[in-house]
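Report on one structure; see the data block that follows.
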Amino acid sequence: MADIIKLLPDHVANQIAAGEVVQRPASVVKELLENAIDAKSSTIKLIIKEGGKNLIQVIDNGVGMSETDARLSFERHATSKIRQAEDLFKLHTKGFRGEALASIAAIAHVDMHTRPEDKELGTHLKIEGSKTIFQEVAVTPKGTSISVKNLFFNIPARRNFLKSTPVELRHIIDEFHRVALAHPNISFHLYNNGNELFNLPQSNHRQRIVHVFGNKTNVKLVPVEEDTQVVKISGFIAKPEFAKKTRGEQFFFVNDRFIKSPYLHHAVVAAFEGLIKSDTHPGYFLYLTVAPSSIDINIHPTKTEVKFDDEHTLYAILRSTVKHSLGQFNMMPSLDFESDQNLETPYSYKDKSAIVPKVTVDARFNPFKDENRPGTAFKQFRKEKAQSWESMYVGLETKVEDDTFSSVHFESDANTGSIFEGQHGSLEAVATTFQLRRKYIVTTIKSGMVVIDQSRAHQRILYEKFLRNGTVKDTVSQQLLFPLSLTFSKNDMTFLKEMKDSLGTLGFMFGSMNDDSLQVTGLPVLVPESEVDMVLDQLISDHQMGVDGNSFSQIDIISKTLAKSLSVKTGELLDNDSQLALVNDLFACKEPNISPFNKPIYVTITENDIDKKFI
Ligand code: ADP
Ligand code: MG
């Protein structure tokens, strides 16, 4: 048999390697920024067009490359960073595999200008799909500028796989944040389609965090400091009250390199235990310094995972260090985290009375009249109500006096009161509802009972109300006596500006909108002033998490977020009137059975179902 094993041609090998190194434009950004840092630059500029699909350019003022080095740098396994295997264990640089530039040049159009300080003239090099187009002498500033154009031009399948421009830009910005946060002593600039998104001067860690995430971050930060033989820890944690619904601001750096470590993350979360609600996430920016020989950064091609020699010790030190900071800065006593833990009530809701709309209830209203099959009962009810539900929305204060209701009624107390005695205070309430475990509202119907998830029900009610507001011409907006000034990161502001019109339609009114702050002058009637900050933050984080994936409009997205943020939560105690109002409002909705996030809102349990249990 003839020999069949062949060595892959270099450009094929490079393309394969590129698949590992370059997943998306953000991966190119990471590699180029890291090279610029390794080149000892003090200023680095990143220029992006169309989410990096058309252009990624990094300009640095670092050491530059000689003519030979410039050409060699695009060869596979070409690196100036290690010479022998032992070097791997004392790495202080970001790169060492020598495959980033080769990989990038295999799948894009690359143009490089570079000049070392001691040379008068530099080198201009053009490579397309691993092919050198030309190399010439050029006049160019000290340092290196690399442009990467038309990423994946020769791998259409990968190019088509790229996400939308905003999504790719988001990834790039995330990568930029990681690098910029790790190196506050370097000044960074980011331009997107000609606009300056970030201008980060040389500073210290705290200032860098504030520059990246906006001025309001400063008050949130609590310093963390520890120096042991195993590890030196410095950085900041965000105060517990600023814990977020998303995992956005969580950063570990090991020897100035951003890493992901679920294990260390767990250590930090453990330190926050009892201080934050279980579904919120603490913010942290933690810089760990360990001996380079005690870690292995080679286990992942994109190098965001690290293996530590002594993970257990590190875990313990980290947890107690964070705990110590929380204690030292008096976080502990100010929060009464012992009491009522099982209520799972977020702190922001603690002192708040439930925002259940005050409705004048027609207690005689029973959507289930004369129906034995509950499934069809709701449909039937919805049909009957098709013309009249809108009138309920116009204002919640509208008293329901529709004829449709006159003949329906809830089961009276007399029938069921003996079971639920004492559960409802109001003697006037004729209908029977009660709250189960501060989570469900149970109400009786002719054929049995309905168990309603209070939070989802309220989400549905609010959602339809906001949607409706978004489609009527003159939304009622309540003017604020004193405009509210709120600060956001530049990034978040870009997003809020995009949403401005839609927010306006829903009743939000804005005064000035700057690069990192805005003024709120008016609010939708349903949004309390104290919640604005939270609501806008939620909107931003939903956007970052891609929650808006299947929404049909901005109004829809915002309505969902508002509904989620403002709804009654599990754990909130509702009085009897509020329970009734919730039930009535729910069944006046267009789609009472499904929450805005496609979760079931209630279940019905018929007498029949119950009877069966007793057989
Ligand atoms: P690695 O960073 O793993 O060494 P790369 O393919 O990223 O591999 O880069 C190859 C080599 O090119 C580097 O080792 C470095 O010598 C040189 N190089 C790359 N980018 C720059 C830059 N911005 N300034 C100076 N030298 C650079
Ligand atoms: Mg590199």
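Ligands are numbered from 1 in the order shown, residues from 1 within each chain, and chains are lettered A, B, ... in the order they appear in the structure tokens.
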
With 9 Å as the cut-off and only C-alpha atoms and all ligand atoms counted, what is the closest atom pair between each nearby residue of chain A and ligand 1? Distances in Å to one decimal, ordered by chain and number, as JSON lines.
{"residue": "A:Glu31", "atom": "CA", "partner": "ligand 1", "partner_atom_place_in_ligand_line": "7 (O)", "distance": 6.1}
{"residue": "A:Leu32", "atom": "CA", "partner": "ligand 1", "partner_atom_place_in_ligand_line": "20 (N)", "distance": 6.6}
{"residue": "A:Leu33", "atom": "CA", "partner": "ligand 1", "partner_atom_place_in_ligand_line": "23 (N)", "distance": 7.7}
{"residue": "A:Glu34", "atom": "CA", "partner": "ligand 1", "partner_atom_place_in_ligand_line": "2 (O)", "distance": 7.3}
{"residue": "A:Asn35", "atom": "CA", "partner": "ligand 1", "partner_atom_place_in_ligand_line": "20 (N)", "distance": 4.5}
{"residue": "A:Ala36", "atom": "CA", "partner": "ligand 1", "partner_atom_place_in_ligand_line": "23 (N)", "distance": 4.0}
{"residue": "A:Ile37", "atom": "CA", "partner": "ligand 1", "partner_atom_place_in_ligand_line": "23 (N)", "distance": 7.5}
{"residue": "A:Asp38", "atom": "CA", "partner": "ligand 1", "partner_atom_place_in_ligand_line": "24 (N)", "distance": 7.3}
{"residue": "A:Ala39", "atom": "CA", "partner": "ligand 1", "partner_atom_place_in_ligand_line": "24 (N)", "distance": 4.7}
{"residue": "A:Lys40", "atom": "CA", "partner": "ligand 1", "partner_atom_place_in_ligand_line": "24 (N)", "distance": 8.1}
{"residue": "A:Ser41", "atom": "CA", "partner": "ligand 1", "partner_atom_place_in_ligand_line": "24 (N)", "distance": 8.2}
{"residue": "A:Val58", "atom": "CA", "partner": "ligand 1", "partner_atom_place_in_ligand_line": "23 (N)", "distance": 7.9}
{"residue": "A:Ile59", "atom": "CA", "partner": "ligand 1", "partner_atom_place_in_ligand_line": "23 (N)", "distance": 7.7}
{"residue": "A:Asp60", "atom": "CA", "partner": "ligand 1", "partner_atom_place_in_ligand_line": "23 (N)", "distance": 6.4}
{"residue": "A:Asn61", "atom": "CA", "partner": "ligand 1", "partner_atom_place_in_ligand_line": "24 (N)", "distance": 8.2}
{"residue": "A:Gly62", "atom": "CA", "partner": "ligand 1", "partner_atom_place_in_ligand_line": "24 (N)", "distance": 5.8}
{"residue": "A:Val63", "atom": "CA", "partner": "ligand 1", "partner_atom_place_in_ligand_line": "25 (C)", "distance": 5.5}
{"residue": "A:Gly64", "atom": "CA", "partner": "ligand 1", "partner_atom_place_in_ligand_line": "25 (C)", "distance": 4.2}
{"residue": "A:Met65", "atom": "CA", "partner": "ligand 1", "partner_atom_place_in_ligand_line": "25 (C)", "distance": 5.3}
{"residue": "A:Ser66", "atom": "CA", "partner": "ligand 1", "partner_atom_place_in_ligand_line": "26 (N)", "distance": 8.9}
{"residue": "A:Asp69", "atom": "CA", "partner": "ligand 1", "partner_atom_place_in_ligand_line": "17 (C)", "distance": 7.0}
{"residue": "A:Ala70", "atom": "CA", "partner": "ligand 1", "partner_atom_place_in_ligand_line": "12 (O)", "distance": 7.0}
{"residue": "A:Arg71", "atom": "CA", "partner": "ligand 1", "partner_atom_place_in_ligand_line": "12 (O)", "distance": 8.9}
{"residue": "A:Leu72", "atom": "CA", "partner": "ligand 1", "partner_atom_place_in_ligand_line": "12 (O)", "distance": 7.4}
{"residue": "A:Ser73", "atom": "CA", "partner": "ligand 1", "partner_atom_place_in_ligand_line": "12 (O)", "distance": 4.0}
{"residue": "A:Phe74", "atom": "CA", "partner": "ligand 1", "partner_atom_place_in_ligand_line": "6 (O)", "distance": 6.3}
{"residue": "A:Glu75", "atom": "CA", "partner": "ligand 1", "partner_atom_place_in_ligand_line": "6 (O)", "distance": 7.7}
{"residue": "A:Arg76", "atom": "CA", "partner": "ligand 1", "partner_atom_place_in_ligand_line": "6 (O)", "distance": 7.3}
{"residue": "A:His77", "atom": "CA", "partner": "ligand 1", "partner_atom_place_in_ligand_line": "8 (O)", "distance": 7.3}
{"residue": "A:Ala78", "atom": "CA", "partner": "ligand 1", "partner_atom_place_in_ligand_line": "10 (C)", "distance": 5.5}
{"residue": "A:Thr79", "atom": "CA", "partner": "ligand 1", "partner_atom_place_in_ligand_line": "14 (O)", "distance": 3.4}
{"residue": "A:Ser80", "atom": "CA", "partner": "ligand 1", "partner_atom_place_in_ligand_line": "14 (O)", "distance": 3.9}
{"residue": "A:Lys81", "atom": "CA", "partner": "ligand 1", "partner_atom_place_in_ligand_line": "14 (O)", "distance": 5.3}
{"residue": "A:Ile82", "atom": "CA", "partner": "ligand 1", "partner_atom_place_in_ligand_line": "4 (O)", "distance": 7.7}
{"residue": "A:Thr93", "atom": "CA", "partner": "ligand 1", "partner_atom_place_in_ligand_line": "2 (O)", "distance": 8.1}
{"residue": "A:Lys94", "atom": "CA", "partner": "ligand 1", "partner_atom_place_in_ligand_line": "2 (O)", "distance": 6.6}
{"residue": "A:Gly95", "atom": "CA", "partner": "ligand 1", "partner_atom_place_in_ligand_line": "3 (O)", "distance": 3.5}
{"residue": "A:Phe96", "atom": "CA", "partner": "ligand 1", "partner_atom_place_in_ligand_line": "3 (O)", "distance": 3.5}
{"residue": "A:Arg97", "atom": "CA", "partner": "ligand 1", "partner_atom_place_in_ligand_line": "3 (O)", "distance": 4.0}
{"residue": "A:Gly98", "atom": "CA", "partner": "ligand 1", "partner_atom_place_in_ligand_line": "8 (O)", "distance": 3.1}
{"residue": "A:Glu99", "atom": "CA", "partner": "ligand 1", "partner_atom_place_in_ligand_line": "6 (O)", "distance": 4.4}
{"residue": "A:Ala100", "atom": "CA", "partner": "ligand 1", "partner_atom_place_in_ligand_line": "6 (O)", "distance": 3.8}
{"residue": "A:Leu101", "atom": "CA", "partner": "ligand 1", "partner_atom_place_in_ligand_line": "6 (O)", "distance": 3.8}
{"residue": "A:Ala102", "atom": "CA", "partner": "ligand 1", "partner_atom_place_in_ligand_line": "6 (O)", "distance": 5.8}
{"residue": "A:Ser103", "atom": "CA", "partner": "ligand 1", "partner_atom_place_in_ligand_line": "6 (O)", "distance": 7.7}
{"residue": "A:Ile104", "atom": "CA", "partner": "ligand 1", "partner_atom_place_in_ligand_line": "6 (O)", "distance": 8.5}
{"residue": "A:Thr114", "atom": "CA", "partner": "ligand 1", "partner_atom_place_in_ligand_line": "24 (N)", "distance": 7.5}
{"residue": "A:Arg115", "atom": "CA", "partner": "ligand 1", "partner_atom_place_in_ligand_line": "25 (C)", "distance": 8.8}
{"residue": "A:Pro116", "atom": "CA", "partner": "ligand 1", "partner_atom_place_in_ligand_line": "25 (C)", "distance": 8.3}
{"residue": "A:Gly143", "atom": "CA", "partner": "ligand 1", "partner_atom_place_in_ligand_line": "24 (N)", "distance": 6.4}
{"residue": "A:Thr144", "atom": "CA", "partner": "ligand 1", "partner_atom_place_in_ligand_line": "23 (N)", "distance": 5.0}
{"residue": "A:Ser145", "atom": "CA", "partner": "ligand 1", "partner_atom_place_in_ligand_line": "23 (N)", "distance": 6.9}
{"residue": "A:Ile146", "atom": "CA", "partner": "ligand 1", "partner_atom_place_in_ligand_line": "23 (N)", "distance": 7.5}

Which residues come within 10 Å of Arg159 in chain A, counting only C-alpha atoms, excluding same-chain residues fewer than 4 positions away, as a list of chain:residue names?
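The filter keeps A:Arg24, A:Lys53, A:Asn150, A:Leu151, A:Phe152, A:Phe153, A:Asn154, A:Ile155, A:Lys163.
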
Note to self: I'd like to know which of A:Thr505, A:Ser595, A:Ser489, A:Ser541 is closest to His177 in chain A, using only C-alpha atoms.
What the structure shows: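 Going through A:Thr505, A:Ser595, A:Ser489, A:Ser541 one by one, the smallest distance to His177 in chain A is for A:Ser489.
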
Quick one: of A:Arg319, A:Lys564, A:Lys599, A:His543, who's nearest to Ile452 in chain A, counting only C-alpha atoms?
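With only C-alpha atoms as the atom set, the closest residue is A:Lys599.
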
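Residue nearest ligand 2 within the list A:Arg158, A:Thr433, A:Val29, A:Ile557: A:Val29 [criterion: smallest interatomic distance, only C-alpha atoms and all ligand atoms].
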
Could you jot down the CA of Val268 in chain A to CA of Val306 in chain A separation for me, Å, one decimal place?
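Computing the Euclidean distance for CA of Val268 in chain A and CA of Val306 in chain A yields 17.1 Å.
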
Extract, using only C-alpha atoms, all DNA, RNA and protein residues at most 10 Å from Tyr602 in chain A, discarding same-chain residues fewer than 2 positions from it, and format them as a PyMOL selection string.
-> chain A and resi 440-442+450-454+456-457+592-595+599-600+604-605

Practice problem: Using DSSP on the backbone, list every residue of range 131-251 of chain A that comes out as alpha helix (DSSP H), and give them as a PyMOL selection string. | Solution: chain A and resi 156-161+165-182+205-213

Computed gap from CA of Glu196 in chain A to CA of Gly511 in chain A is 22.9 Å

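Residues with any atom within 12 Å of Leu55 in chain A, counting only C-alpha atoms and excluding same-chain neighbours fewer than 3 positions away, are Pro25, Ala26, Val28, Val29, Leu46, Ile47, Ile48, Lys49, Glu50, Gly51, Gly52, Val58, Ala108, His109, Val110, Asp111, Ile146, Ser147, Val148, Lys149, Asn150, Leu151, Phe152, Thr165, Leu169, Tyr191, Asn192, Asn193 and Gly194 of chain A.
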